[in-house]
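Undergrad: Just work_11.txt, nothing more (compact mmCIF, C-alpha atoms):
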# COMPACT_ATOMS: atom_id res chain seq x y z
CA MET K 1 28.17 -62.81 112.86
CA GLY K 2 31.32 -61.64 111.12
CA PHE K 3 29.79 -61.09 107.67
CA ARG K 4 30.07 -57.86 105.69
CA TYR K 5 27.17 -58.39 103.27
CA PHE K 6 23.67 -59.85 103.27
CA ALA K 7 20.97 -60.42 100.66
CA VAL K 8 17.38 -61.58 101.05
CA ALA K 9 15.87 -62.09 97.62
CA HIS K 10 13.59 -64.00 95.31
CA HIS K 11 15.35 -65.54 92.32
CA VAL K 12 13.85 -63.46 89.53
CA ASP K 13 15.16 -61.08 86.92
CA PHE K 14 14.84 -57.76 88.74
CA ALA K 15 15.36 -55.84 85.51
CA THR K 16 11.87 -57.01 84.55
CA ALA K 17 10.65 -58.33 87.91
CA PRO K 18 7.03 -58.13 89.06
CA ASP K 19 6.32 -55.88 92.01
CA LEU K 20 5.69 -58.95 94.18
CA ALA K 21 9.33 -60.05 94.30
CA ILE K 22 11.51 -59.38 97.36
CA ARG K 23 15.07 -58.09 97.35
CA LEU K 24 16.88 -56.53 100.30
CA HIS K 25 20.69 -56.34 100.34
CA ASN K 26 23.71 -54.21 101.11
CA TYR K 27 25.93 -55.38 98.24
CA PRO K 28 27.89 -52.66 96.42
CA ALA K 29 25.68 -50.71 94.01
CA CYS K 30 28.13 -51.40 91.19
CA TRP K 31 27.70 -55.15 91.73
CA GLU K 32 23.91 -54.82 91.64
CA ALA K 33 24.12 -52.89 88.35
CA TRP K 34 26.49 -55.48 86.82
CA PHE K 35 24.27 -58.32 88.05
CA ASP K 36 21.02 -56.84 86.73
CA ALA K 37 22.49 -55.79 83.40
CA ARG K 38 23.17 -59.48 82.72
CA HIS K 39 19.76 -60.67 83.97
CA LEU K 40 21.38 -62.99 86.49
CA GLY K 41 18.50 -63.10 88.96
CA ARG K 42 17.33 -66.46 87.60
CA PHE K 43 20.67 -67.87 86.42
CA ASP K 44 23.19 -66.86 89.07
CA PRO K 45 25.11 -70.01 90.10
CA ILE K 46 24.44 -69.41 93.80
CA HIS K 47 20.72 -69.17 93.10
CA ARG K 48 20.75 -72.32 90.96
CA ALA K 49 22.66 -74.23 93.61
CA SER K 50 20.07 -73.27 96.22
CA HIS K 51 17.39 -74.92 94.08
CA VAL K 52 18.99 -78.32 94.71
CA ALA K 53 19.77 -77.78 98.40
CA SER K 54 17.57 -77.89 101.47
CA VAL K 55 20.07 -76.43 103.96
CA GLY K 56 22.65 -73.67 103.81
CA PHE K 57 25.88 -74.09 101.87
CA GLN K 58 29.13 -72.21 101.42
CA TRP K 59 29.76 -70.79 97.98
CA SER K 60 32.95 -72.81 97.66
CA GLN K 61 30.70 -75.91 97.70
CA VAL K 62 28.67 -74.81 94.66
CA PRO K 63 30.70 -76.90 92.14
CA ASN K 64 29.60 -79.97 94.14
CA LEU K 65 25.93 -78.98 93.79
CA ILE K 66 25.61 -77.93 90.14
CA ARG K 67 27.60 -78.29 86.94
CA MET K 68 29.52 -75.05 86.62
CA THR K 69 29.84 -73.28 83.27
CA THR K 70 32.43 -70.77 82.14
CA GLY K 71 29.82 -68.05 82.70
CA ASP K 72 29.21 -69.28 86.25
CA ARG K 73 32.90 -69.03 87.08
CA GLN K 74 32.99 -65.56 85.63
CA VAL K 75 30.11 -64.48 87.89
CA LEU K 76 31.96 -65.66 91.00
CA SER K 77 35.17 -64.07 89.78
CA GLU K 78 33.42 -60.75 89.16
CA ALA K 79 31.86 -60.87 92.62
CA ARG K 80 35.35 -61.04 94.11
CA ARG K 81 36.44 -58.18 91.88
CA PHE K 82 33.58 -56.10 93.32
CA GLY K 83 34.76 -56.89 96.85
CA ILE K 84 32.49 -59.85 97.70
CA GLY K 85 34.34 -62.86 99.11
CA GLU K 86 33.22 -66.25 100.41
CA GLY K 87 29.54 -66.54 101.29
CA PHE K 88 26.88 -68.77 102.82
CA THR K 89 23.39 -69.16 101.31
CA ILE K 90 20.23 -70.50 102.94
CA PRO K 91 17.62 -71.68 100.39
CA ALA K 92 13.96 -70.72 100.74
CA HIS K 93 11.30 -72.71 98.89
CA VAL K 94 7.58 -71.94 99.29
CA PRO K 95 5.22 -73.86 96.95
CA GLY K 96 3.40 -71.53 94.58
CA GLU K 97 5.93 -68.72 95.03
CA TYR K 98 9.27 -67.79 93.50
CA ASN K 99 12.28 -69.60 94.89
CA GLY K 100 14.47 -67.40 97.05
CA SER K 101 17.31 -67.36 99.53
CA CYS K 102 19.12 -65.43 102.21
CA SER K 103 22.87 -65.03 101.74
CA PHE K 104 25.67 -63.73 103.92
CA ALA K 105 29.16 -62.94 102.62
CA VAL K 106 32.47 -61.58 103.82
CA ALA K 107 34.52 -58.95 102.02
CA SER K 108 37.16 -60.22 99.62
CA GLY K 109 40.24 -61.28 101.54
CA ASP K 110 38.45 -61.60 104.90
CA ASP K 111 38.29 -64.89 106.77
CA PHE K 112 35.03 -66.78 106.59
CA PRO K 113 33.45 -67.20 110.07
CA GLU K 114 32.76 -70.93 109.90
CA HIS K 115 31.92 -71.03 113.61
CA HIS K 116 28.85 -68.86 112.85
CA VAL K 117 27.42 -71.04 110.07
CA LEU K 118 24.75 -72.61 112.30
CA ILE K 119 23.62 -69.18 113.51
CA ALA K 120 23.56 -67.94 109.91
CA GLN K 121 21.36 -70.90 108.96
CA LEU K 122 18.82 -69.99 111.64
CA VAL K 123 18.94 -66.23 111.08
CA GLY K 124 18.78 -66.61 107.28
CA GLY K 125 15.65 -68.73 107.36
CA LEU K 126 13.94 -66.33 109.77
CA ALA K 127 15.06 -63.29 107.75
CA PHE K 128 13.56 -64.56 104.51
CA GLU K 129 10.29 -65.61 106.16
CA THR K 130 10.03 -62.24 107.92
CA ALA K 131 10.56 -60.34 104.67
CA ARG K 132 8.01 -62.58 102.98
CA ARG K 133 5.39 -61.99 105.67
CA LEU K 134 5.95 -58.23 105.67
CA SER K 135 5.33 -58.19 101.92
CA LEU K 136 2.14 -60.28 102.10
CA PRO K 137 -0.34 -57.36 102.32
CA SER K 138 0.75 -56.18 98.86
CA ARG K 139 0.75 -59.66 97.36
CA ALA K 140 -2.01 -61.93 96.24
CA PRO K 141 -2.68 -64.72 98.75
CA THR K 142 -1.12 -68.08 97.98
CA PRO K 143 -3.96 -70.23 96.62
CA THR K 144 -4.78 -73.65 97.98
CA SER K 145 -4.60 -76.56 95.58
CA PRO K 146 -7.16 -76.04 92.78
CA LEU K 147 -7.36 -79.78 92.13
CA THR K 148 -9.73 -82.36 93.55
CA ASP K 149 -8.20 -85.52 94.97
CA ARG K 150 -9.06 -87.53 91.85
CA GLN K 151 -7.78 -84.82 89.52
CA ARG K 152 -4.54 -84.75 91.47
CA ASP K 153 -4.20 -88.54 91.08
CA CYS K 154 -4.65 -88.24 87.33
CA VAL K 155 -2.17 -85.36 87.05
CA LEU K 156 0.38 -87.29 89.10
CA TRP K 157 0.17 -90.38 86.89
CA ALA K 158 0.27 -88.21 83.78
CA ALA K 159 3.44 -86.58 85.12
CA ARG K 160 4.87 -90.08 85.54
CA GLY K 161 4.39 -90.58 81.81
CA LYS K 162 1.24 -92.73 81.83
CA THR K 163 -1.35 -92.50 79.07
CA ASP K 164 -5.00 -91.80 79.80
CA TRP K 165 -5.81 -95.48 79.19
CA GLU K 166 -3.06 -96.60 81.58
CA ILE K 167 -4.22 -94.15 84.25
CA ALA K 168 -7.75 -95.51 83.94
CA ARG K 169 -6.48 -99.05 84.54
CA ILE K 170 -4.36 -97.96 87.51
CA LEU K 171 -7.15 -95.97 89.21
CA GLY K 172 -9.93 -98.39 88.30
CA VAL K 173 -12.06 -95.84 86.46
CA SER K 174 -13.17 -95.47 82.87
CA HIS K 175 -10.99 -94.03 80.14
CA GLU K 176 -13.48 -91.20 79.61
CA THR K 177 -13.41 -90.35 83.33
CA VAL K 178 -9.64 -89.83 83.22
CA ILE K 179 -9.97 -87.68 80.11
CA GLN K 180 -12.52 -85.49 81.89
CA HIS K 181 -10.46 -85.23 85.09
CA LEU K 182 -7.41 -84.05 83.16
CA LYS K 183 -9.53 -81.70 81.04
CA HIS K 184 -11.00 -80.08 84.16
CA ALA K 185 -7.55 -79.88 85.77
CA ARG K 186 -6.20 -78.03 82.73
CA GLU K 187 -9.17 -75.67 82.85
CA ARG K 188 -8.57 -74.93 86.52
CA TYR K 189 -5.01 -73.88 85.78
CA GLY K 190 -5.89 -72.25 82.46
CA VAL K 191 -3.42 -74.35 80.44
CA GLN K 192 -3.76 -76.51 77.34
CA LYS K 193 -0.91 -79.03 77.48
CA ARG K 194 -0.29 -81.97 79.82
CA ALA K 195 3.33 -80.92 80.36
CA HIS K 196 2.25 -77.41 81.37
CA LEU K 197 -0.35 -78.91 83.69
CA ALA K 198 2.31 -80.98 85.46
CA VAL K 199 4.55 -77.93 85.84
CA MET K 200 1.74 -75.85 87.35
CA ALA K 201 0.85 -78.64 89.79
CA LEU K 202 4.52 -78.88 90.81
CA PHE K 203 4.77 -75.12 91.18
CA ASP K 204 1.89 -74.82 93.66
CA GLY K 205 2.76 -77.96 95.61
CA SER K 206 -0.20 -80.08 94.49
CA ILE K 207 2.35 -82.72 93.50
CA CYS K 208 6.08 -82.86 94.15
CA PHE K 209 9.13 -84.33 92.46
CA SER K 210 9.38 -87.12 95.01
CA ASP K 211 5.81 -88.15 94.06
CA ILE K 212 6.79 -88.38 90.40
CA PHE K 213 10.17 -90.05 90.69
CA ILE K 214 9.21 -92.81 93.07
CA ARG K 215 11.70 -95.62 93.48
Take the structure in the file and write it out as structure tokens.
TA:
Amino acid sequence: MGFRYFAVAHHVDFATAPDLAIRLHNYPACWEAWFDARHLGRFDPIHRASHVASVGFQWSQVPNLIRMTTGDRQVLSEARRFGIGEGFTIPAHVPGEYNGSCSFAVASGDDFPEHHVLIAQLVGGLAFETARRLSLPSRAPTPTSPLTDRQRDCVLWAARGKTDWEIARILGVSHETVIQHLKHARERYGVQKRAHLAVMALFDGSICFSDIFIR
């Protein structure tokens, strides 16, 4: 497709990453060492931009997706210094798993093949899913939602900032019933706090941000 480099990876710190994370790439080894030494797996600007995108984007568009810091600009500058030029990243989001992406990049100074962006979008999505499926035998299966329908309702309203009493009024159940639903939901996830409960439910797809921030 006219690209020099590729990377299929979960967005984790590979210096301390669990064995379940995926990373396949042909970037220069010196870039990988520089990247890992700074624990950029979770904070790389390209990775962060992919968390707010649903389709592929060119790296030059990243300042339009996230607020860039001085450190972010340094990362992109260092990438060019290591020979990595303009790139294109396809986000990959699977509920209950680490966020990831597939990226393609040209060498510094080479022209970016804009006419191959659509193909890169299709190939990138397939590449990440293929790597994910190949790794499944060594990974724990993705669990289904551990919440009952009523527990999910209570967690959703709690995530929207409602008190137990308000949730009871909204759902037409007793105050004690809501308390018990949320208690059992926390037990299912093994957490103690309401905020942690909401995060866990978001992480496995039981609820989603669009559910919480309804218009």
Undergrad: Choose the residue, out of K:Phe213, K:Phe35, K:Tyr27, K:Phe3, that has the smallest atom-to-atom separation from Ile119 (chain K); count all atoms listed in the file.
TA: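 Distance minimum relative to Ile119 (chain K) lands on K:Phe3.
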Undergrad: Would you list the contacts of region 99-105 of chain K as a list in words, taking every protein, DNA or RNA residue within 7 Å and counting only C-alpha atoms, but skipping same-chain residues closer than 5 positions in sequence?
TA: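 So, after excluding close chain neighbours, the residues are Phe3, Arg4, Tyr5, Phe6, Ala7, Val8, Ala9, His10, His11, Ile84, Gly85, Glu86, Gly87, Phe88, Thr89, Ile90, Pro91, Ala92, His93, Val94, Gly124 and Phe128 of chain K.
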Undergrad: Mind pulling up the distance from CA of Asp204 (chain K) to CA of Glu166 (chain K)?
TA: 25.4 Å
Undergrad: Residues around (37.9, -61.1, 100.6), cut-off 9 Å, counting all atoms listed in the file - what are they as a list of chain:residue names?
TA: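 Checked against the point, the hits come out as K:Arg80, K:Gly83, K:Ile84, K:Gly85, K:Glu86, K:Val106, K:Ala107, K:Ser108, K:Gly109, K:Asp110, K:Asp111, K:Phe112.
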Undergrad: Considering all atoms listed in the file, can you say which of K:Leu147, K:Ala131, K:Ile212, K:Ile170 comes closest to Tyr189 (chain K)?
TA: K:Leu147
Undergrad: With distances taken over only C-alpha atoms, which of K:Arg150, K:His116, K:Lys183, K:Arg133 is nearest to Gly56 (chain K)?
TA: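 The shortest atom-to-atom distance to Gly56 (chain K) comes from K:His116.
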Undergrad: To one decimal in Å, tell me the separation between CA of Pro113 (chain K) and CA of Val75 (chain K).
TA: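 Separation between CA of Pro113 (chain K) and CA of Val75 (chain K): 22.6 Å.
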Undergrad: At a cut-off of 12 Å, using only C-alpha atoms, what residues contact His196 (chain K)? Leave out same-chain residues fewer than 4 positions from it and give the result as number ranges by chain.
TA: K: 155, 158-159, 182, 185-187, 189-192, 200-203
Undergrad: Would you save the residues of that selection, restricted to C-alpha atoms, as an mmCIF file, in the frame of the given file?
TA:
data_model
loop_
_atom_site.group_PDB
_atom_site.id
_atom_site.type_symbol
_atom_site.label_atom_id
_atom_site.label_comp_id
_atom_site.auth_asym_id
_atom_site.auth_seq_id
_atom_site.Cartn_x
_atom_site.Cartn_y
_atom_site.Cartn_z
ATOM 1 C CA VAL K 155 -2.170 -85.360 87.050
ATOM 2 C CA ALA K 158 0.270 -88.210 83.780
ATOM 3 C CA ALA K 159 3.440 -86.580 85.120
ATOM 4 C CA LEU K 182 -7.410 -84.050 83.160
ATOM 5 C CA ALA K 185 -7.550 -79.880 85.770
ATOM 6 C CA ARG K 186 -6.200 -78.030 82.730
ATOM 7 C CA GLU K 187 -9.170 -75.670 82.850
ATOM 8 C CA TYR K 189 -5.010 -73.880 85.780
ATOM 9 C CA GLY K 190 -5.890 -72.250 82.460
ATOM 10 C CA VAL K 191 -3.420 -74.350 80.440
ATOM 11 C CA GLN K 192 -3.760 -76.510 77.340
ATOM 12 C CA MET K 200 1.740 -75.850 87.350
ATOM 13 C CA ALA K 201 0.850 -78.640 89.790
ATOM 14 C CA LEU K 202 4.520 -78.880 90.810
ATOM 15 C CA PHE K 203 4.770 -75.120 91.180
#
Undergrad: So which one's closest to Arg194 (chain K), K:Gly172, K:Gly161, K:Pro146, K:Pro95? Using only C-alpha atoms, please.
TA: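 Among K:Gly172, K:Gly161, K:Pro146, K:Pro95, it is K:Gly161 that comes nearest to Arg194 (chain K).
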Undergrad: Could you check how far CA of Cys30 (chain K) sits from CA of Phe82 (chain K), in Å to one decimal?
TA: 7.5 Å
Undergrad: Smallest atom-to-atom distance to Asp211 (chain K): which of K:His39, K:Leu197, K:Arg152, K:Ser50, using all atoms listed in the file?
TA: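 For Asp211 (chain K), the nearest of the candidates is K:Arg152.
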Undergrad: Between K:Leu122, K:Gly71, K:Thr148, K:Ala127, which is the closest to His25 (chain K) once you count only C-alpha atoms?
TA: K:Ala127
